[in-house]
$ cat query22.txt   # compact mmCIF, C-alpha atoms and all ligand atoms
# COMPACT_ATOMS: atom_id res chain seq x y z
CA MET V 1 48.78 134.70 238.63
CA PRO V 2 46.00 137.16 239.31
CA MET V 3 45.58 138.05 242.95
CA SER V 4 42.30 137.60 244.72
CA PRO V 5 39.40 139.94 244.12
CA ILE V 6 37.31 141.40 246.91
CA GLY V 7 35.11 138.94 248.67
CA GLU V 8 37.27 135.87 248.33
CA SER V 9 39.43 134.46 251.00
CA GLY V 10 41.48 132.45 248.58
CA GLU V 11 44.40 130.30 249.64
CA HIS V 12 46.65 131.68 246.94
CA SER V 13 47.11 134.83 249.02
CA LEU V 14 49.48 132.72 251.13
CA LEU V 15 51.96 133.03 248.33
CA VAL V 16 52.05 136.76 248.61
CA ILE V 17 53.42 138.99 251.27
CA PRO V 18 51.85 142.44 251.32
CA ASN V 19 54.81 144.46 250.16
CA GLY V 20 54.34 143.04 246.72
CA GLN V 21 57.02 140.36 246.70
CA ASN V 22 56.47 136.66 246.29
CA LEU V 23 58.45 133.98 248.06
CA ASN V 24 61.17 133.97 245.41
CA GLY V 25 61.84 137.59 246.06
CA ILE V 26 60.63 138.62 242.64
CA THR V 27 58.66 141.81 242.89
CA ARG V 28 55.07 141.23 242.00
CA VAL V 29 52.49 143.96 241.88
CA ARG V 30 49.36 142.91 243.72
CA GLN V 31 46.24 143.37 241.70
CA PHE V 32 42.95 144.37 243.20
CA ASN V 33 39.61 144.73 241.52
CA ASP V 34 38.96 147.93 243.42
CA HIS V 35 41.10 151.00 242.83
CA ARG V 36 40.79 152.04 246.48
CA LEU V 37 42.43 148.85 247.69
CA GLU V 38 45.17 149.24 245.17
CA GLU V 39 45.72 152.82 246.24
CA LEU V 40 45.80 152.03 249.96
CA HIS V 41 48.12 149.11 249.31
CA ARG V 42 50.45 151.44 247.43
CA VAL V 43 50.39 154.11 250.16
CA LEU V 44 50.95 151.62 252.98
CA THR V 45 53.78 149.94 251.10
CA LYS V 46 55.42 153.32 250.64
CA HIS V 47 55.30 154.04 254.38
CA SER V 48 56.54 150.67 255.52
CA GLY V 49 58.66 150.86 258.67
CA GLU V 50 57.04 154.05 259.94
CA ARG V 51 55.00 154.89 263.02
CA HIS V 52 51.66 156.68 262.61
CA LEU V 53 49.16 158.32 264.90
CA VAL V 54 45.59 157.20 264.27
CA ILE V 55 43.27 159.94 265.49
CA LEU V 56 39.83 159.12 266.84
CA GLN V 57 37.14 161.65 267.60
CA ASP V 58 37.16 162.91 271.21
CA PHE V 59 34.24 160.70 272.18
CA PRO V 60 34.86 157.62 270.08
CA ASP V 61 31.90 155.38 269.30
CA PRO V 62 31.99 151.68 268.40
CA ASP V 63 32.25 152.46 264.68
CA ALA V 64 35.33 154.64 265.21
CA LEU V 65 36.95 152.26 267.69
CA SER V 66 36.51 149.10 265.66
CA SER V 67 37.50 150.76 262.39
CA ALA V 68 40.68 152.19 263.88
CA TRP V 69 41.60 148.80 265.24
CA ALA V 70 41.05 147.12 261.87
CA TYR V 71 43.21 149.81 260.27
CA GLN V 72 45.95 149.17 262.80
CA LEU V 73 45.92 145.43 262.07
CA ILE V 74 46.04 146.10 258.32
CA ALA V 75 48.90 148.59 258.69
CA GLN V 76 50.82 146.06 260.79
CA GLN V 77 51.02 143.87 257.67
CA TYR V 78 53.05 146.62 256.08
CA ASP V 79 55.31 146.96 259.08
CA ILE V 80 53.66 150.23 260.10
CA ARG V 81 53.08 150.76 263.78
CA CYS V 82 49.89 152.67 264.61
CA ASP V 83 48.94 154.24 267.94
CA LEU V 84 45.17 154.66 268.29
CA VAL V 85 44.56 157.82 270.27
CA TYR V 86 41.64 159.93 271.52
CA THR V 87 41.64 162.85 273.94
CA GLY V 88 38.10 162.83 275.33
CA ILE V 89 36.39 160.14 277.34
CA ILE V 90 34.81 156.80 276.63
CA SER V 91 31.88 156.95 279.02
CA HIS V 92 29.05 155.01 277.42
CA GLN V 93 28.96 151.68 279.27
CA GLU V 94 28.63 149.76 276.03
CA ASN V 95 31.78 151.40 274.68
CA ILE V 96 33.70 150.77 277.88
CA ALA V 97 32.62 147.14 277.64
CA LEU V 98 33.71 147.00 274.00
CA VAL V 99 37.21 148.26 274.80
CA LYS V 100 37.63 146.17 277.96
CA LEU V 101 36.21 142.90 276.66
CA THR V 102 38.15 142.97 273.39
CA GLY V 103 41.36 144.36 274.88
CA MET V 104 41.37 146.89 272.07
CA PRO V 105 44.68 148.82 272.12
CA VAL V 106 43.34 152.40 272.27
CA GLN V 107 45.08 155.12 274.24
CA ASN V 108 43.61 158.11 276.00
CA TRP V 109 45.79 161.21 275.90
CA SER V 110 44.44 163.83 278.23
CA PRO V 111 44.57 167.32 276.67
CA THR V 112 46.82 168.57 279.48
CA THR V 113 49.54 166.08 278.47
CA LEU V 114 49.65 167.01 274.79
CA LYS V 115 52.40 169.59 275.13
CA ASP V 116 54.72 167.04 276.76
CA ARG V 117 54.22 164.32 274.16
CA ASP V 118 57.02 163.13 271.94
CA TRP V 119 55.54 163.95 268.54
CA SER V 120 58.82 163.38 266.74
CA CYS V 121 58.43 159.59 266.82
CA TYR V 122 55.55 159.82 264.33
CA GLN V 123 55.99 160.15 260.60
CA GLY V 124 52.33 160.65 259.83
CA CYS V 125 48.75 160.63 261.04
CA VAL V 126 45.48 159.04 260.00
CA PHE V 127 41.86 160.10 260.57
CA ILE V 128 39.27 157.37 260.90
CA ASP V 129 35.50 157.91 261.16
CA ASN V 130 36.27 161.64 261.38
CA GLN V 131 38.12 164.25 259.35
CA GLY V 132 39.75 166.15 262.18
CA ALA V 133 36.95 168.50 263.19
CA THR V 134 35.95 166.46 266.25
CA SER V 135 39.40 165.93 267.76
CA GLN V 136 41.54 168.18 269.93
CA LEU V 137 44.58 166.45 268.46
CA THR V 138 44.06 168.03 265.04
CA PRO V 139 45.66 171.43 265.81
CA TRP V 140 48.64 169.60 267.31
CA VAL V 141 49.33 167.38 264.33
CA GLN V 142 48.96 170.44 262.12
CA GLN V 143 51.41 172.39 264.23
CA MET V 144 53.83 169.44 264.21
CA GLN V 145 53.33 169.26 260.44
CA LEU V 146 52.60 165.55 260.53
CA PRO V 147 51.64 164.49 257.02
CA VAL V 148 48.11 163.11 256.74
CA ILE V 149 48.54 159.60 255.36
CA ALA V 150 44.91 158.52 255.19
CA VAL V 151 41.36 159.68 255.84
CA ILE V 152 38.67 157.01 255.95
CA ASP V 153 35.18 158.17 256.84
CA HIS V 154 31.51 158.00 255.95
CA HIS V 155 30.53 161.53 256.99
CA SER V 156 30.26 164.08 254.24
CA GLN V 157 33.46 165.44 252.86
CA GLY V 158 35.29 168.23 254.67
CA GLU V 159 38.28 170.11 253.38
CA ILE V 160 41.03 167.69 254.13
CA ALA V 161 43.98 166.65 252.02
CA ALA V 162 45.66 163.28 252.47
CA GLU V 163 47.70 160.76 250.52
CA PHE V 164 44.82 158.30 250.65
CA ILE V 165 41.21 159.44 250.93
CA ASP V 166 38.22 157.13 251.12
CA ILE V 167 35.18 159.13 252.14
CA ARG V 168 31.85 157.54 251.28
CA PRO V 169 28.78 159.28 252.72
CA ASN V 170 26.50 156.71 251.10
CA ILE V 171 27.87 154.03 253.42
CA LYS V 172 26.34 153.83 256.89
CA ALA V 173 29.46 152.93 258.88
CA THR V 174 33.21 153.34 258.54
CA ALA V 175 33.42 149.75 259.82
CA THR V 176 31.77 148.66 256.55
CA ILE V 177 34.54 150.35 254.58
CA LEU V 178 37.26 148.72 256.71
CA THR V 179 35.52 145.35 256.35
CA GLN V 180 35.70 145.76 252.58
CA TYR V 181 39.46 146.22 252.92
CA LEU V 182 39.58 142.96 254.84
CA GLN V 183 37.47 141.24 252.19
CA GLY V 184 39.93 142.53 249.64
CA GLU V 185 42.62 140.83 251.72
CA LEU V 186 44.73 143.77 252.69
CA LEU V 187 44.73 141.62 255.81
CA VAL V 188 43.72 137.97 255.60
CA LEU V 189 41.66 137.23 258.68
CA ASP V 190 42.41 134.05 260.57
CA ARG V 191 39.97 132.46 263.01
CA ASN V 192 42.86 131.16 265.06
CA ILE V 193 44.18 134.63 265.83
CA SER V 194 42.34 136.00 268.82
CA ASP V 195 42.79 139.66 267.82
CA HIS V 196 41.25 138.94 264.42
CA VAL V 197 38.20 137.31 266.03
CA LYS V 198 37.81 140.18 268.49
CA CYS V 199 38.28 142.81 265.81
CA ALA V 200 35.70 141.14 263.55
CA THR V 201 33.31 141.13 266.51
CA ALA V 202 34.02 144.79 267.22
CA LEU V 203 33.40 145.67 263.55
CA ILE V 204 29.98 144.01 263.65
CA HIS V 205 29.18 146.03 266.76
CA GLY V 206 30.43 149.16 264.97
CA ILE V 207 28.17 148.57 261.98
CA ARG V 208 25.22 147.72 264.24
CA SER V 209 25.61 150.83 266.33
CA ASP V 210 25.80 153.19 263.33
CA THR V 211 22.76 151.60 261.66
CA GLN V 212 20.32 151.38 264.58
CA ALA V 213 20.99 147.69 265.09
CA LEU V 214 21.01 147.17 261.29
CA LEU V 215 17.56 148.68 260.77
CA GLN V 216 19.12 151.36 258.58
CA ALA V 217 21.78 149.10 257.12
CA GLN V 218 22.04 148.91 253.38
CA GLU V 219 23.31 146.21 251.12
CA GLU V 220 26.98 146.99 251.60
CA ASP V 221 26.66 147.12 255.39
CA LEU V 222 24.81 143.81 255.47
CA LEU V 223 27.32 142.16 253.14
CA ALA V 224 30.09 143.37 255.44
CA VAL V 225 28.35 141.90 258.47
CA ALA V 226 27.76 138.65 256.60
CA TYR V 227 31.47 138.41 255.85
CA LEU V 228 32.44 139.18 259.45
CA THR V 229 30.20 136.43 260.82
CA ARG V 230 32.75 133.94 259.46
CA TYR V 231 35.19 135.20 262.07
CA HIS V 232 33.29 136.83 264.93
CA ASP V 233 32.60 135.56 268.44
CA PRO V 234 28.81 135.68 269.07
CA GLN V 235 29.25 135.19 272.80
CA LEU V 236 31.57 138.19 272.99
CA LEU V 237 29.15 140.30 270.97
CA ARG V 238 26.35 139.37 273.35
CA SER V 239 28.45 140.37 276.37
CA ILE V 240 29.24 143.76 274.82
CA LEU V 241 25.57 144.43 274.08
CA GLN V 242 24.26 143.22 277.42
CA VAL V 243 25.96 145.76 279.60
CA ASN V 244 23.72 147.33 282.19
CA ARG V 245 23.23 151.05 282.66
CA SER V 246 25.20 152.80 285.39
CA LYS V 247 23.41 154.32 288.35
CA GLN V 248 24.22 157.83 287.16
CA ALA V 249 22.72 157.09 283.75
CA MET V 250 19.58 155.79 285.47
CA ASP V 251 19.43 158.96 287.58
CA VAL V 252 19.70 161.19 284.53
CA ILE V 253 16.99 159.19 282.76
CA GLU V 254 14.79 159.59 285.86
CA ARG V 255 15.32 163.37 285.80
CA ALA V 256 14.65 163.49 282.07
CA LEU V 257 11.41 161.62 282.57
CA LYS V 258 10.30 163.88 285.42
CA ASN V 259 11.18 167.15 283.69
CA ARG V 260 9.87 166.38 280.23
CA MET V 261 7.38 168.62 278.51
CA ILE V 262 5.49 167.39 275.47
CA GLN V 263 4.39 169.74 272.68
CA ASN V 264 3.26 168.76 269.25
CA ASN V 265 4.73 165.24 269.60
CA PHE V 266 8.09 166.62 270.70
CA SER V 267 9.35 165.67 274.16
CA LEU V 268 11.75 168.26 275.59
CA SER V 269 13.63 167.75 278.82
CA GLY V 270 16.36 169.63 280.66
CA VAL V 271 18.21 167.55 283.24
CA GLY V 272 20.21 170.34 284.93
CA TYR V 273 23.86 169.92 285.91
CA LEU V 274 25.67 166.66 285.40
CA ARG V 275 29.19 165.36 285.66
CA TYR V 276 31.29 165.53 282.52
CA ASP V 277 31.96 161.81 282.55
CA ALA V 278 28.20 161.19 282.72
CA ARG V 279 27.50 163.03 279.48
CA ASP V 280 26.66 159.83 277.66
CA ALA V 281 23.57 159.55 279.85
CA ILE V 282 21.99 162.34 277.78
CA PRO V 283 21.69 160.40 274.51
CA GLN V 284 20.52 157.40 276.52
CA ALA V 285 17.78 159.52 278.09
CA ALA V 286 16.77 160.83 274.64
CA ASP V 287 16.66 157.24 273.35
CA PHE V 288 14.28 156.45 276.20
CA LEU V 289 12.01 159.49 275.89
CA VAL V 290 11.46 158.95 272.18
CA THR V 291 9.78 155.61 272.94
CA GLU V 292 6.73 157.29 274.56
CA ASP V 293 3.36 157.01 272.82
CA ASN V 294 2.61 160.06 270.64
CA VAL V 295 6.21 161.28 270.81
CA HIS V 296 8.19 161.26 267.60
CA THR V 297 11.13 163.41 268.67
CA ALA V 298 12.94 163.78 271.99
CA VAL V 299 15.49 166.41 272.95
CA VAL V 300 17.37 166.08 276.25
CA TYR V 301 20.00 168.54 277.44
CA GLY V 302 22.00 169.52 280.50
CA ILE V 303 25.01 171.52 281.67
CA VAL V 304 28.41 169.88 282.08
CA TYR V 305 31.74 171.21 283.25
CA ASP V 306 34.79 170.08 281.31
CA LYS V 307 37.68 170.20 283.81
CA ASP V 308 40.43 169.45 281.31
CA ARG V 309 39.56 172.39 279.11
CA GLU V 310 38.12 174.52 281.91
CA ARG V 311 34.91 175.22 280.12
CA GLU V 312 31.27 174.77 280.87
CA LEU V 313 28.78 173.89 278.19
CA VAL V 314 25.23 172.93 277.48
CA ILE V 315 25.11 169.60 275.71
CA GLY V 316 22.07 167.94 274.25
CA SER V 317 20.87 165.04 272.14
CA LEU V 318 18.01 164.64 269.74
CA ARG V 319 16.37 161.39 268.72
CA THR V 320 13.55 161.13 266.24
CA THR V 321 11.44 158.50 264.54
CA LYS V 322 9.84 161.07 262.24
CA LEU V 323 11.23 160.35 258.81
CA THR V 324 10.61 163.84 257.48
CA LEU V 325 12.56 165.50 260.29
CA ASP V 326 16.20 166.04 259.42
CA PRO V 327 18.07 166.32 262.77
CA ASP V 328 20.98 168.15 261.14
CA GLU V 329 18.80 170.82 259.63
CA PHE V 330 16.58 171.07 262.71
CA LEU V 331 19.42 171.63 265.18
CA LYS V 332 21.28 174.03 262.92
CA GLU V 333 18.17 176.09 262.51
CA ALA V 334 17.26 175.93 266.21
CA PHE V 335 20.62 177.00 267.63
CA GLY V 336 22.48 178.68 264.79
CA HIS V 337 26.25 179.12 264.84
CA ASP V 338 29.05 180.87 266.70
CA PRO V 339 30.82 184.02 265.39
CA GLN V 340 33.30 181.82 263.48
CA GLY V 341 30.42 180.18 261.63
CA ARG V 342 30.63 176.83 263.43
CA PHE V 343 27.19 175.41 264.09
CA PHE V 344 26.35 174.53 267.68
CA GLY V 345 24.59 171.39 266.58
CA GLY V 346 24.25 168.86 263.83
CA GLY V 347 23.26 165.32 263.14
CA ARG V 348 22.70 162.38 260.91
CA SER V 349 19.66 160.32 260.13
CA GLN V 350 17.34 160.08 263.19
CA ALA V 351 19.89 161.44 265.66
CA GLY V 352 21.70 164.65 266.44
CA GLY V 353 23.50 166.55 269.15
CA PHE V 354 24.51 170.03 270.18
CA GLU V 355 27.15 171.70 272.32
CA ILE V 356 26.92 175.33 273.36
CA PRO V 357 29.84 176.81 275.31
CA MET V 358 28.75 179.11 278.16
CA GLY V 359 31.60 181.57 277.82
CA PHE V 360 31.44 184.37 280.37
CA LEU V 361 28.75 182.62 282.42
CA ALA V 362 30.88 179.50 282.89
CA GLY V 363 31.78 178.23 286.36
CA LEU V 364 31.30 179.69 289.86
CA ASN V 365 28.38 177.40 290.62
CA ASP V 366 29.15 177.11 294.34
CA ASN V 367 26.35 179.52 295.12
CA PRO V 368 23.21 177.38 294.68
CA ASN V 369 20.98 180.37 293.99
CA TYR V 370 23.23 181.50 291.20
CA ALA V 371 23.54 177.95 289.82
CA ASN V 372 19.74 177.58 289.80
CA LEU V 373 19.25 180.94 288.18
CA LYS V 374 21.78 180.12 285.49
CA TRP V 375 20.15 176.76 284.78
CA GLU V 376 16.72 178.39 284.52
CA VAL V 377 17.99 180.93 282.03
CA TYR V 378 19.58 178.28 279.82
CA ASP V 379 16.65 175.91 280.19
CA THR V 380 14.19 178.64 279.15
CA GLN V 381 16.33 179.82 276.27
CA ILE V 382 16.80 176.34 274.83
CA LYS V 383 13.09 175.62 275.11
CA GLN V 384 12.26 178.94 273.42
CA LYS V 385 14.59 178.18 270.54
CA LEU V 386 13.18 174.70 270.08
CA LEU V 387 9.53 175.72 270.48
CA ARG V 388 9.95 178.34 267.78
CA LEU V 389 10.43 175.47 265.35
CA ILE V 390 7.98 173.09 266.97
CA ASN V 391 5.09 175.60 267.11
CA PRO V 392 6.03 178.18 264.53
CA ASP V 393 2.69 180.03 264.95
CA ARG V 394 2.49 180.28 268.70
CA PRO V 395 4.80 182.35 270.86
CA ALA V 396 6.86 180.15 273.17
CA PRO V 397 5.55 179.99 276.73
CA VAL V 398 8.01 181.27 279.31
CA THR V 399 8.26 178.82 282.22
MN MN U 401 30.58 156.27 262.11
$ encode --input "query22.txt" --output "C-alpha cells"
Amino acid sequence: MPMSPIGESGEHSLLVIPNGQNLNGITRVRQFNDHRLEELHRVLTKHSGERHLVILQDFPDPDALSSAWAYQLIAQQYDIRCDLVYTGIISHQENIALVKLTGMPVQNWSPTTLKDRDWSCYQGCVFIDNQGATSQLTPWVQQMQLPVIAVIDHHSQGEIAAEFIDIRPNIKATATILTQYLQGELLVLDRNISDHVKCATALIHGIRSDTQALLQAQEEDLLAVAYLTRYHDPQLLRSILQVNRSKQAMDVIERALKNRMIQNNFSLSGVGYLRYDARDAIPQAADFLVTEDNVHTAVVYGIVYDKDRERELVIGSLRTTKLTLDPDEFLKEAFGHDPQGRFFGGGRSQAGGFEIPMGFLAGLNDNPNYANLKWEVYDTQIKQKLLRLINPDRPAPVT
C-alpha cells in the first residue's frame, strides 16, 4: 500500500509506525513523494533511541522557537529525545508571551554554565533556523565533537556539513519547512493533543513574524499556514500577538523619537546606553520610526553591556520600506567587517541589524563625563558612516 503523499492527512497512516514497521512486524519502507522527507525519515530512524541537542540562535525569534518545537515533536516519534537550547535571552515581549502561553519546552543555558554541562549525554546536535554562526553553543559542540545530525534553515547556505541538510533560501520561514514535514506526516497532528494545537499555533506565529504578518509570504508559506489552521488555536494566537510593550521599551521608543534626525528620507536615532535585556526595544523603536511620513528607512542604535560575556557593544536595527534598498548590502557597506572578515551587520528583506564590539573602550562607565564622551564619539561615528551612504555627495555634518 502506498503511504500518504504530502498534504494529505490520510487515515491509513494509522497502520504505520514511523520506524518503518507495520502492525504485523513486517518491515515496510515508508514512501514519500518528497526526497527530503524520505531522507529525514531515514536519518531519524537511524538515530532512534538517542538524545540530541537542538541549537537555537542566541536571541531566538518565533520562527526559530516554533520550528525547533515542531522538530522535537517529530523526533519524539522516532524515540529521539531533543533538548531545545539557546544561550542568549528572550526579551521581546511577544516572544516571552509565545514561550509562556504555549509552555514551549525551551531551555536557556547561560554561557557561564557551559563548561559544567554534561555533554556526554548527547549523541548529536541539530541546527534550526540557523547554521551555527549565531550561537555561542557552536564552538562547544564542535569541541565535544558532537555529530551534526540535521540543519534546517531558510537563510543562505553557510559551510556546514550534516547528515541531513534542508536549506531553502527561497522559503520565507523555517516554520514553513517544518510544516511541510508535518503535512508529509512525519508527525500526524491530532487536534486532541494540546501540544500539537499549541505547536501549530506557534508555527503560524513563526511564519507570520518572518513574513511581516504574511505580507511577504509566498505560496508555500501561505499553504503552510492554511494547513496549520486545521489545528491551531485562534484565541491563543490572539493572546500572543496582543502583548503590550514593556515600560523600558516605551522609554527607548521615546528616546528614539526625541533624538531622531531625518536626512534624505532616512531617520537616524541613537538612544544612548540601555540594559542588555532591553535590547529588543531597539528593533521596536526602528519599527516605529519607519512609520513617519516621508521616512522610508529608520536606523536606531544604542550601547549595551553584556554581563555574561563581559563585553560592551553598539547594537542597532534597520527597517526600510524602500524596495530598492537592500539592508544586507547597506549595512555591510556602512560598517564593514572586523579583522577576521566578519561583517558587523547584515540583514534580510526590509530589515537588518548590526553589532559592533567596543573592545578597548568597553566598560568603566561609572564616570558620567567619560560615559557621555564615549557615547558622543560612537554616536557621531555611526552617523558619519551612515550619512556617507545616505548623502554620498555631501560631507557628513559633525554634531
Ligand atoms: Mn527564520
$ atom_distance --input "query22.txt" --atom1 "CA of Leu56 (chain V)" --atom2 "CA of Thr102 (chain V)"
17.5 Å
$ residues_near_point --input "query22.txt" --point "(30.8, 139.3, 262.1)" --cutoff "9 Å" --atoms "all atoms listed in the file" --output "list in words"
Val197, Ala200, Thr201, Ala202, Leu203, Ile204, His205, Ala224, Val225, Ala226, Tyr227, Leu228, Thr229, Arg230, Tyr231, His232, Asp233 and Pro234 of chain V
$ residues_near_ligand --input "query22.txt" --ligand "ligand MN 401 (chain U)" --cutoff "9 Å" --atoms "only C-alpha atoms and all ligand atoms" --output "PDB file with C-alpha atoms, in the coordinates of the input"
ATOM      1  CA  ASP V  61      31.900 155.380 269.300  1.00  0.00           C
ATOM      2  CA  PRO V  62      31.990 151.680 268.400  1.00  0.00           C
ATOM      3  CA  ASP V  63      32.250 152.460 264.680  1.00  0.00           C
ATOM      4  CA  ALA V  64      35.330 154.640 265.210  1.00  0.00           C
ATOM      5  CA  SER V  67      37.500 150.760 262.390  1.00  0.00           C
ATOM      6  CA  ILE V 128      39.270 157.370 260.900  1.00  0.00           C
ATOM      7  CA  ASP V 129      35.500 157.910 261.160  1.00  0.00           C
ATOM      8  CA  ASN V 130      36.270 161.640 261.380  1.00  0.00           C
ATOM      9  CA  ASP V 153      35.180 158.170 256.840  1.00  0.00           C
ATOM     10  CA  HIS V 154      31.510 158.000 255.950  1.00  0.00           C
ATOM     11  CA  HIS V 155      30.530 161.530 256.990  1.00  0.00           C
ATOM     12  CA  LYS V 172      26.340 153.830 256.890  1.00  0.00           C
ATOM     13  CA  ALA V 173      29.460 152.930 258.880  1.00  0.00           C
ATOM     14  CA  THR V 174      33.210 153.340 258.540  1.00  0.00           C
ATOM     15  CA  ALA V 175      33.420 149.750 259.820  1.00  0.00           C
ATOM     16  CA  GLY V 206      30.430 149.160 264.970  1.00  0.00           C
ATOM     17  CA  ILE V 207      28.170 148.570 261.980  1.00  0.00           C
ATOM     18  CA  SER V 209      25.610 150.830 266.330  1.00  0.00           C
ATOM     19  CA  ASP V 210      25.800 153.190 263.330  1.00  0.00           C
TER      20      ASP V 210
END
$ residues_around --input "query22.txt" --residues "region 350-366 of chain V" --least-positions-apart "4" --cutoff "6 Å" --atoms "only C-alpha atoms" --output "PyMOL selection string"
chain V and resi 312-320+327+344-346+371
$ atom_distance --input "query22.txt" --atom1 "CA of Val252 (chain V)" --atom2 "CA of Ala281 (chain V)"
6.3 Å
$ closest_residue --input "query22.txt" --among "V:Gly49, V:Ala70, V:Gly184, V:Gln143" --to "Asn33 (chain V)" --atoms "all atoms listed in the file"
V:Gly184
$ atom_distance --input "query22.txt" --atom1 "CA of Thr134 (chain V)" --atom2 "CA of Glu376 (chain V)"
29.1 Å
$ axis_aligned_box --input "query22.txt" --around "region 100-113 of chain V" --padding-each-side "8 Å" --output "lines of an AutoDock Vina configuration file"
center_x = 42.9
center_y = 155.7
center_z = 275.8
size_x = 29.3
size_y = 41.7
size_z = 23.4
$ closest_residue --input "query22.txt" --among "V:Asn265, V:Gln216, V:Gly341, V:Asn369" --to "Asn391 (chain V)" --atoms "only C-alpha atoms"
V:Asn265
$ closest_residue --input "query22.txt" --among "V:Ala256, V:Ile167, V:Leu84, V:Ile160" --to "Asn108 (chain V)" --atoms "only C-alpha atoms"
V:Leu84
$ residues_around --input "query22.txt" --residues "His35 (chain V)" --least-positions-apart "2" --cutoff "12 Å" --atoms "only C-alpha atoms" --output "MDAnalysis selection string"
chainID V and resid 5:6 30:33 37:42 164:166 181 184
$ residues_near_point --input "query22.txt" --point "(44.2, 144.8, 254.0)" --cutoff "10 Å" --atoms "all atoms listed in the file" --output "NGL selection string"
:V and (18 or 37-38 or 40-41 or 44 or 70-78 or 178-189)
